[in-house]
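A.B. asks: Right, I'll just put the structure down here and ask away after.
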Amino acid sequence: SSSAGRRGVRFASRFMHASPLTVLGGTIVVVALVLGIVGLVADVADVRFTPYDPVAPNVADRLQGPSPSHFMGTDHLGRDIFSRVLAGTPIALQVALIVLVIALAVGIVVGLVAGLAGGLVDEMLMRLTDMFLAFPALILAAAITFTLGASLQTTMVALATVYWPWYARLARGQVLSLRERDFILAARTMGASRARLMFRTLLPNVAPILLVQATLDVGYVMLSTAGLSFLGLGAQPPAPEWGSTILASLPYQPDAWWYAAFPGLALAITALGFNLVGDDLRDWMDPVTRSSRLEDTEVVP
């Protein structure tokens, strides 16, 4: 047990020294997740976890610049920007989680079925996938949101619709590279059903690649959500969502620079953190890159 613990510490030390950007990305992700969890728990318990109420107006403090009492300033209704940025973190993470879970679930099923079945089934499912991929992602999501009505819920539906084809393509490609391997042929010889092949044999081999891609996509989903809200198609006032906050700041620019700068900075930093972690996970999924990094950072016990 102690030997395993020492190996774990040594491995973590090599990992952190080999990839300093991952330490930065991991720190950002951990902070964002802690804020997200605390925010969701506070919402369920109906308590406030921010210094000020993020939605209640206080006109006497409107459009104040950064100060000791409001170090990110206030908006046009006197609401504390820092409190709205904190309250927007659970919203951003919740939307990203729901969108990616739905997109992964649909994409994995479609990709597994298409890759394993082949023939006409594969052709039909891939042409359906291509139909969604033919449209620019943000334009398609905006059209769906506009059709269903502007809200955070329809934004999640729209983004899940946009993202699942990419996971379907990725899952199908992985299945095509695996379905003639010996362990798949052996499972077929032993009479494994198609469902067992898909979910017990293929899925464990396909899932790690898809989860790494999903980690990379967290930042993109956050940016897309903020983009739709900025267009007035996502979260609606007074929700403290980052994109809608930036939209509300436009009439007061450039004088009230803090109004848009801090929500935009929170969005950029959070997306960067998930991208850094996702990039490093992708590198560690590559055996050549992983072994090279371990050799470069090898230490003598």
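Chain labels follow the order of the structure tokens: the first chain is A, the next B, and so on; residue numbering restarts at 1 in every chain, and ligands are counted from 1 in their shown order.
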Just the alpha helix (DSSP H) stuff from region 61-227 of chain A, please, per backbone DSSP, written as JSON, numbers by chain.
C.D. replies: {"A": [81, 82, 83, 84, 85, 86, 87, 88, 89, 90, 91, 92, 93, 94, 95, 96, 97, 98, 99, 100, 101, 102, 103, 104, 105, 106, 107, 108, 109, 110, 111, 112, 113, 114, 115, 116, 117, 119, 120, 121, 122, 123, 124, 125, 126, 127, 128, 129, 130, 131, 132, 133, 137, 138, 139, 140, 141, 142, 143, 144, 145, 146, 147, 148, 152, 153, 154, 155, 156, 157, 158, 159, 160, 161, 162, 163, 164, 165, 166, 167, 168, 169, 170, 171, 172, 173, 174, 175, 176, 177, 178, 182, 183, 184, 185, 186, 187, 188, 189, 194, 195, 196, 203, 204, 205, 206, 207, 208, 209, 210, 211, 212, 213, 214, 215, 216, 217, 218, 219, 220, 221, 222, 223, 224, 225, 226, 227]}
A.B. asks: Hey, what's within 8 Å of region 85-91 of chain A if we count only C-alpha atoms and toss same-chain stuff fewer than 3 positions away? As number ranges by chain, please?
C.D. replies: A: 32, 35-37, 39-40, 50, 54, 81-82, 94-95, 240-242, 262-263, 266
A.B. asks: Would you please work out which residue, of A:Leu281, A:Leu185, A:Ile28, A:Ala158, is nearest to Pro208 (chain A) when using only C-alpha atoms?
C.D. replies: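 Comparing A:Leu281, A:Leu185, A:Ile28, A:Ala158 against Pro208 (chain A), the winner is A:Leu281.
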A.B. asks: Have a look at A:Ser151, A:Ser69, A:Thr161, A:Thr189 and name the one nearest to Val106 (chain A); count only C-alpha atoms.
C.D. replies: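 Among A:Ser151, A:Ser69, A:Thr161, A:Thr189, it is A:Thr161 that comes nearest to Val106 (chain A).
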A.B. asks: Could you tell me how far CA of Ile209 (chain A) sits from CA of Phe183 (chain A), in Å to one decimal place?
C.D. replies: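 About the pair CA of Phe183 (chain A) and CA of Ile209 (chain A): they are 18.9 Å apart.
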A.B. asks: For region 225-258 of chain A against region 134-142 of chain A, with a cut-off of 9 Å and counting only C-alpha atoms, what is the closest atom pair and its distance in Å to one decimal for every residue that makes the cut, ordered by chain and number, as a tab-separated table?
C.D. replies:
residue	atom	partner	partner_atom	distance
A:Gly227	CA	A:Leu138	CA	8.4
A:Leu228	CA	A:Ala142	CA	6.6
A:Leu231	CA	A:Ala142	CA	8.6
A:Leu233	CA	A:Ala142	CA	7.0
A.B. asks: Since we have the selection now, will you write its residues out, keeping N, CA, C and O atoms, as an mmCIF file, in the first residue's frame?
C.D. replies:
data_model
loop_
_atom_site.group_PDB
_atom_site.id
_atom_site.type_symbol
_atom_site.label_atom_id
_atom_site.label_comp_id
_atom_site.auth_asym_id
_atom_site.auth_seq_id
_atom_site.Cartn_x
_atom_site.Cartn_y
_atom_site.Cartn_z
ATOM 1 N N GLY A 227 -22.583 32.657 -26.632
ATOM 2 C CA GLY A 227 -22.853 33.279 -27.924
ATOM 3 C C GLY A 227 -24.334 33.383 -28.225
ATOM 4 O O GLY A 227 -24.822 34.424 -28.693
ATOM 5 N N LEU A 228 -25.072 32.313 -27.955
ATOM 6 C CA LEU A 228 -26.521 32.346 -28.178
ATOM 7 C C LEU A 228 -27.198 33.331 -27.227
ATOM 8 O O LEU A 228 -28.136 34.046 -27.614
ATOM 9 N N LEU A 231 -26.769 36.754 -28.430
ATOM 10 C CA LEU A 231 -27.697 37.060 -29.518
ATOM 11 C C LEU A 231 -29.138 37.208 -29.039
ATOM 12 O O LEU A 231 -30.039 37.471 -29.840
ATOM 13 N N LEU A 233 -30.840 34.726 -27.635
ATOM 14 C CA LEU A 233 -31.551 33.465 -27.861
ATOM 15 C C LEU A 233 -31.352 32.466 -26.730
ATOM 16 O O LEU A 233 -31.926 31.383 -26.761
#
A.B. asks: Given the choices A:Pro68, A:Gly107, A:Gly26, A:Gly191, which gets closest to Tyr163 (chain A) if the distance is worked out from only C-alpha atoms?
C.D. replies: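 Checking each of A:Pro68, A:Gly107, A:Gly26, A:Gly191 against Tyr163 (chain A), counting only C-alpha atoms, the winner is A:Gly107.
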A.B. asks: How many Å separate CA of Leu152 (chain A) from CA of Val99 (chain A)?
C.D. replies: 11.2 Å
A.B. asks: Could you tell me how far CA of Arg79 (chain A) sits from CA of Arg62 (chain A), in Å to one decimal place?
C.D. replies: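 Pair CA of Arg62 (chain A) / CA of Arg79 (chain A) returns 7.2 Å.
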A.B. asks: Looking at only C-alpha atoms, which of A:Ala187, A:Ala143, A:Val110, A:Val218 is the one that sits closest to Gly173 (chain A)?
C.D. replies: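 Selected residue with least distance to Gly173 (chain A): A:Val110.
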A.B. asks: Which residue, A:Asp279, A:Ala92, A:Asp80, A:Thr27, has the smallest gap to Leu63 (chain A) when you use only C-alpha atoms?
C.D. replies: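 Under the stated criterion, the closest residue is A:Asp80.
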A.B. asks: Calculated over only C-alpha atoms, which of the candidates A:Thr145, A:Gln153, A:Ser177, A:Ser67 has the smallest distance to Leu116 (chain A)?
C.D. replies: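 Of A:Thr145, A:Gln153, A:Ser177, A:Ser67, the one nearest Leu116 (chain A), counting only C-alpha atoms, is A:Ser177.
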